[in-house]
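Trainee: For reference, the file final-v9.cif (mmCIF, C-alpha atoms) is included below:
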```cif
data_target
#
loop_
_atom_site.label_atom_id
_atom_site.label_comp_id
_atom_site.auth_asym_id
_atom_site.auth_seq_id
_atom_site.Cartn_x
_atom_site.Cartn_y
_atom_site.Cartn_z
CA GLY A 1 0.14 -10.62 19.45
CA LYS A 2 -0.29 -6.88 20.06
CA PRO A 3 -2.61 -5.53 17.36
CA HIS A 4 -3.23 -2.18 19.02
CA GLU A 5 0.50 -1.46 19.18
CA GLY A 6 0.69 -2.32 15.49
CA LEU A 7 -2.18 0.07 14.85
CA GLU A 8 -0.24 2.86 16.59
CA MET A 9 2.77 2.12 14.37
CA ALA A 10 0.55 2.24 11.28
CA LYS A 11 -0.78 5.63 12.34
CA ALA A 12 2.78 6.86 12.90
CA ALA A 13 3.74 5.68 9.40
CA GLU A 14 0.80 7.60 7.95
CA LEU A 15 1.92 10.76 9.75
CA ILE A 16 5.42 10.36 8.32
CA LEU A 17 3.90 10.12 4.81
CA GLU A 18 2.54 13.65 5.22
CA LYS A 19 6.07 15.07 5.31
CA PRO A 20 7.53 16.51 2.10
CA GLY A 21 9.32 14.00 -0.11
CA MET A 22 7.56 10.95 1.28
CA ARG A 23 5.08 10.44 -1.58
CA SER A 24 7.29 7.75 -3.11
CA SER A 25 6.70 5.56 -0.02
CA MET A 26 2.93 6.02 0.04
CA THR A 27 1.80 2.96 -1.90
CA HIS A 28 4.00 0.47 -0.09
CA THR A 29 3.10 1.99 3.28
CA ILE A 30 -0.62 1.76 2.53
CA PHE A 31 -0.15 -1.86 1.47
CA VAL A 32 1.70 -2.76 4.68
CA THR A 33 -0.58 -0.87 7.07
CA GLN A 34 -3.79 -2.18 5.51
CA THR A 35 -2.63 -5.79 5.24
CA CYS A 36 -0.66 -6.11 8.48
CA CYS A 37 -2.31 -3.71 10.94
CA TYR A 38 -5.75 -2.31 10.25
CA HIS A 39 -7.53 -5.51 9.34
CA TRP A 40 -6.80 -6.85 12.85
CA THR A 41 -8.43 -3.95 14.65
CA SER A 42 -11.25 -2.76 12.40
CA PRO A 43 -13.71 -4.34 9.93
CA LEU A 44 -12.14 -5.69 6.75
CA GLN A 45 -14.54 -3.45 4.82
CA ASP A 46 -12.59 -0.44 6.16
CA THR A 47 -9.50 -1.51 4.19
CA ILE A 48 -11.21 -1.42 0.78
CA GLU A 49 -11.04 2.33 0.14
CA PRO A 50 -7.46 2.85 1.41
CA LEU A 51 -6.23 -0.05 -0.74
CA LEU A 52 -7.86 1.54 -3.79
CA LYS A 53 -6.16 4.81 -2.86
CA GLY A 54 -2.86 2.93 -2.61
CA TYR A 55 -3.40 1.44 -6.06
CA GLN A 56 -4.18 4.85 -7.57
CA ALA A 57 -1.24 6.53 -5.84
CA GLY A 58 1.09 3.79 -7.06
CA LEU A 59 0.01 4.31 -10.64
CA GLU A 60 0.52 8.07 -10.29
CA ILE A 61 4.08 7.74 -8.99
CA GLY A 62 5.06 4.77 -11.16
CA ASP A 63 5.19 2.16 -8.39
CA THR A 64 3.22 -0.45 -10.29
CA ASP A 65 4.45 -3.36 -8.14
CA SER A 66 3.03 -1.93 -4.92
CA ALA A 67 -0.01 -0.57 -6.77
CA CYS A 68 -0.93 -4.04 -8.01
CA LYS A 69 -0.30 -5.56 -4.58
CA CYS A 70 -2.81 -3.07 -3.16
CA LEU A 71 -5.26 -3.93 -5.92
CA ALA A 72 -4.86 -7.69 -5.43
CA VAL A 73 -5.37 -7.49 -1.68
CA ARG A 74 -8.37 -5.21 -2.22
CA MET A 75 -9.95 -7.85 -4.45
CA TYR A 76 -9.47 -10.56 -1.82
CA HIS A 77 -10.89 -8.29 0.87
CA LEU A 78 -13.95 -7.64 -1.34
CA TYR A 79 -14.36 -11.40 -1.67
CA PHE A 80 -14.02 -12.03 2.06
CA THR A 81 -16.44 -9.20 2.97
CA GLY A 82 -19.20 -10.93 1.04
CA LEU A 83 -19.66 -8.74 -2.03
CA SER A 84 -21.89 -10.56 -4.52
CA LEU A 85 -20.00 -13.09 -6.58
CA GLY A 86 -21.29 -11.57 -9.84
CA SER A 87 -19.90 -8.16 -8.88
CA ILE A 88 -16.60 -9.66 -7.81
CA GLN A 89 -16.34 -11.61 -11.08
CA LYS A 90 -16.63 -8.41 -13.12
CA GLU A 91 -14.05 -6.60 -10.99
CA LEU A 92 -11.67 -9.55 -11.15
CA GLU A 93 -11.87 -9.74 -14.93
CA ALA A 94 -11.09 -6.01 -15.16
CA THR A 95 -8.25 -6.43 -12.66
CA ILE A 96 -6.69 -9.24 -14.69
CA HIS A 97 -6.77 -6.99 -17.75
CA VAL A 98 -5.02 -4.18 -15.83
CA MET A 99 -2.38 -6.49 -14.39
CA THR A 100 -1.70 -7.95 -17.82
CA GLN A 101 -1.15 -4.45 -19.22
CA LEU A 102 1.15 -3.57 -16.31
CA LYS A 103 3.05 -6.87 -16.67
CA GLN A 104 2.36 -7.86 -13.07
CA ASP A 105 2.35 -11.62 -13.55
CA ALA A 106 2.68 -12.70 -9.91
CA ALA A 107 -0.25 -10.57 -8.75
CA ARG A 108 -2.24 -11.53 -11.86
CA LEU A 109 -1.87 -15.24 -11.05
CA ARG A 110 -3.31 -14.69 -7.60
CA ILE A 111 -6.25 -12.84 -9.12
CA ILE A 112 -6.76 -15.68 -11.62
CA VAL A 113 -6.90 -18.08 -8.66
CA LEU A 114 -9.58 -15.94 -7.02
CA LEU A 115 -11.54 -15.54 -10.26
CA THR A 116 -11.41 -19.30 -10.79
CA THR A 117 -12.74 -19.81 -7.26
CA VAL A 118 -15.56 -17.33 -7.86
CA LYS A 119 -16.48 -18.99 -11.17
CA LYS A 120 -16.51 -22.38 -9.47
CA PHE A 121 -18.93 -21.04 -6.84
CA LEU A 122 -21.10 -19.62 -9.61
CA GLY A 123 -21.07 -22.95 -11.46
CA ILE A 124 -19.40 -21.43 -14.54
CA ASP A 125 -17.38 -23.98 -16.53
CA THR A 126 -16.35 -25.93 -13.45
CA GLU A 127 -14.23 -28.41 -15.41
CA ALA A 128 -12.14 -25.59 -16.87
CA CYS A 129 -11.83 -24.13 -13.36
CA ASP A 130 -10.38 -27.40 -12.09
CA GLU A 131 -7.93 -27.50 -15.01
CA THR A 132 -6.86 -23.89 -14.40
CA MET A 133 -6.19 -24.50 -10.71
CA ASP A 134 -4.31 -27.74 -11.43
CA SER A 135 -2.21 -26.02 -14.11
CA ILE A 136 -1.29 -23.11 -11.83
CA LEU A 137 -0.51 -25.52 -9.00
CA THR A 138 1.71 -27.70 -11.21
CA ASN A 139 3.57 -24.69 -12.59
CA ALA A 140 4.01 -23.14 -9.14
CA ALA A 141 5.37 -26.40 -7.75
CA SER A 142 7.78 -26.85 -10.67
CA THR A 143 9.14 -23.32 -10.22
CA ARG A 144 9.29 -23.78 -6.44
CA ASP A 145 6.89 -20.90 -5.84
CA PHE A 146 5.67 -22.33 -2.55
CA ASN A 147 3.80 -19.16 -1.68
CA LEU A 148 1.63 -19.59 -4.79
CA VAL A 149 1.27 -23.33 -4.08
CA ALA A 150 -0.07 -22.52 -0.62
CA HIS A 151 -2.31 -19.83 -2.07
CA VAL A 152 -3.86 -22.17 -4.64
CA ASN A 153 -4.37 -24.88 -2.02
CA LEU A 154 -6.01 -22.39 0.34
CA MET A 155 -8.49 -21.29 -2.32
CA LYS A 156 -9.14 -24.89 -3.32
CA LEU A 157 -10.23 -25.49 0.27
CA GLU A 158 -12.81 -22.73 -0.21
CA VAL A 159 -14.74 -24.58 -2.89
CA PHE A 160 -13.06 -27.55 -4.52
#
```
Using structure tokens, write down the structure from this file.

Mentor:
Amino acid sequence: GKPHEGLEMAKAAELILEKPGMRSSMTHTIFVTQTCCYHWTSPLQDTIEPLLKGYQAGLEIGDTDSACKCLAVRMYHLYFTGLSLGSIQKELEATIHVMTQLKQDAARLRIIVLLTTVKKFLGIDTEACDETMDSILTNAASTRDFNLVAHVNLMKLEVF
């Protein structure tokens, strides 16, 4: 309800990060400020670079969970800002590879959902896309991962 007050809190959090010993909080703080504050008050495009910085900082300090959250949100923001689908497809495939190496299965599943949506838009193996989405949805429902269920259904509304 009060995005400009949230923006002021985000700026305060960034100032706190500049203090000695706060580097370990950088990645999570970037994730929260870029996903909960800045995108309400400035163009979504403006979140792309900070989220990449959050990903890189997370890798440097060993916070792979927050790093991959930054990377996943960055990919969705690229999608929603209208980057060409071909470019997004390549980045998504690289992101899935990274998340597999870092054993970030929850974030990787969300990227697979986005990649499947992009492929469906591009007309690439649409039957396999439907099967992938149905499989993820069935698995998410059986494990009671309602957040992922909602996520899959949201992306299905985009194109399916």

Trainee: Enter the distance from CA of Ala12 in chain A to CA of Leu71 in chain A, in Å, rounded to one decimal.

Mentor: 23.1 Å

Trainee: Tell me, as number ranges by chain, which residues lie within 9 Å of Leu137 in chain A, counting only C-alpha atoms; anything in the same chain fewer than 6 positions away does not count.

Mentor: A: 148-150, 152-153

Trainee: Just write the chosen residues, C-alpha atoms, as an mmCIF file, in the frame of the given file.

Mentor:
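Listing of part23.cif after writing:
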```cif
data_model
loop_
_atom_site.group_PDB
_atom_site.id
_atom_site.type_symbol
_atom_site.label_atom_id
_atom_site.label_comp_id
_atom_site.auth_asym_id
_atom_site.auth_seq_id
_atom_site.Cartn_x
_atom_site.Cartn_y
_atom_site.Cartn_z
ATOM 1 C CA LEU A 148 1.630 -19.590 -4.790
ATOM 2 C CA VAL A 149 1.270 -23.330 -4.080
ATOM 3 C CA ALA A 150 -0.070 -22.520 -0.620
ATOM 4 C CA VAL A 152 -3.860 -22.170 -4.640
ATOM 5 C CA ASN A 153 -4.370 -24.880 -2.020
#
```

Trainee: Please write the residues picked by the PyMOL selection byres ((chain A and resi 18-30) around 12) on this file as an NGL selection string.

Mentor: :A and (9-17 or 31-38 or 47-71 or 73-74)

Trainee: Counting all atoms listed in the file, what is within 8 Å of Leu92 in chain A, bar same-chain residues fewer than 4 positions away, as a ChimeraX atom specification?

Mentor: /A:75,88,96,111-112,114-115

Trainee: Going by the chain IDs and residue numbers used in this file, which residues fall under the PyMOL selection byres ((chain A and resi 118) around 10)? Write them as an mmCIF file with C-alpha atoms, in the frame of the given file.

Mentor:
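For reference, part_21.cif as written:
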```
data_model
loop_
_atom_site.group_PDB
_atom_site.id
_atom_site.type_symbol
_atom_site.label_atom_id
_atom_site.label_comp_id
_atom_site.auth_asym_id
_atom_site.auth_seq_id
_atom_site.Cartn_x
_atom_site.Cartn_y
_atom_site.Cartn_z
ATOM 1 C CA TYR A 79 -14.360 -11.400 -1.670
ATOM 2 C CA SER A 84 -21.890 -10.560 -4.520
ATOM 3 C CA LEU A 85 -20.000 -13.090 -6.580
ATOM 4 C CA GLY A 86 -21.290 -11.570 -9.840
ATOM 5 C CA ILE A 88 -16.600 -9.660 -7.810
ATOM 6 C CA GLN A 89 -16.340 -11.610 -11.080
ATOM 7 C CA LEU A 92 -11.670 -9.550 -11.150
ATOM 8 C CA ILE A 112 -6.760 -15.680 -11.620
ATOM 9 C CA VAL A 113 -6.900 -18.080 -8.660
ATOM 10 C CA LEU A 114 -9.580 -15.940 -7.020
ATOM 11 C CA LEU A 115 -11.540 -15.540 -10.260
ATOM 12 C CA THR A 116 -11.410 -19.300 -10.790
ATOM 13 C CA THR A 117 -12.740 -19.810 -7.260
ATOM 14 C CA LYS A 119 -16.480 -18.990 -11.170
ATOM 15 C CA LYS A 120 -16.510 -22.380 -9.470
ATOM 16 C CA PHE A 121 -18.930 -21.040 -6.840
ATOM 17 C CA LEU A 122 -21.100 -19.620 -9.610
ATOM 18 C CA GLY A 123 -21.070 -22.950 -11.460
ATOM 19 C CA ILE A 124 -19.400 -21.430 -14.540
ATOM 20 C CA CYS A 129 -11.830 -24.130 -13.360
ATOM 21 C CA MET A 155 -8.490 -21.290 -2.320
ATOM 22 C CA GLU A 158 -12.810 -22.730 -0.210
ATOM 23 C CA VAL A 159 -14.740 -24.580 -2.890
#
```

Trainee: What gap, in Å, lies between CA of Thr95 in chain A and CA of Ile136 in chain A?

Mentor: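 Straight-line distance from CA of Thr95 in chain A to CA of Ile136 in chain A works out to 18.1 Å.
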
Trainee: What's the separation between CA of Thr138 in chain A and CA of Glu93 in chain A, in Å to one decimal place?

Mentor: 22.8 Å

Trainee: Given all atoms listed in the file as the basis, pick out the residue of A:Leu78, A:His97, A:Asn139, A:Thr41 nearest to Glu8 in chain A.

Mentor: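 With all atoms listed in the file as the atom set, the closest residue is A:Thr41.
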
Trainee: Please determine, counting all atoms listed in the file, which residue among A:Val98, A:Arg110, A:Asp46, A:Arg144 has the shortest atom-to-atom distance to Thr81 in chain A.

Mentor: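 Between A:Val98, A:Arg110, A:Asp46, A:Arg144, the residue approaching Thr81 in chain A most closely is A:Asp46.
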
Trainee: How big is the axis-aligned box, and where does its centre sit, when it encloses all atoms of range 58-74 of chain A listed in the file and has 3 Å added on every side, reported in Å to one decimal as JSON?

Mentor:
```
{"center_x": -1.6, "center_y": 0.2, "center_z": -6.4, "size_x": 19.6, "size_y": 21.8, "size_z": 15.5}
```
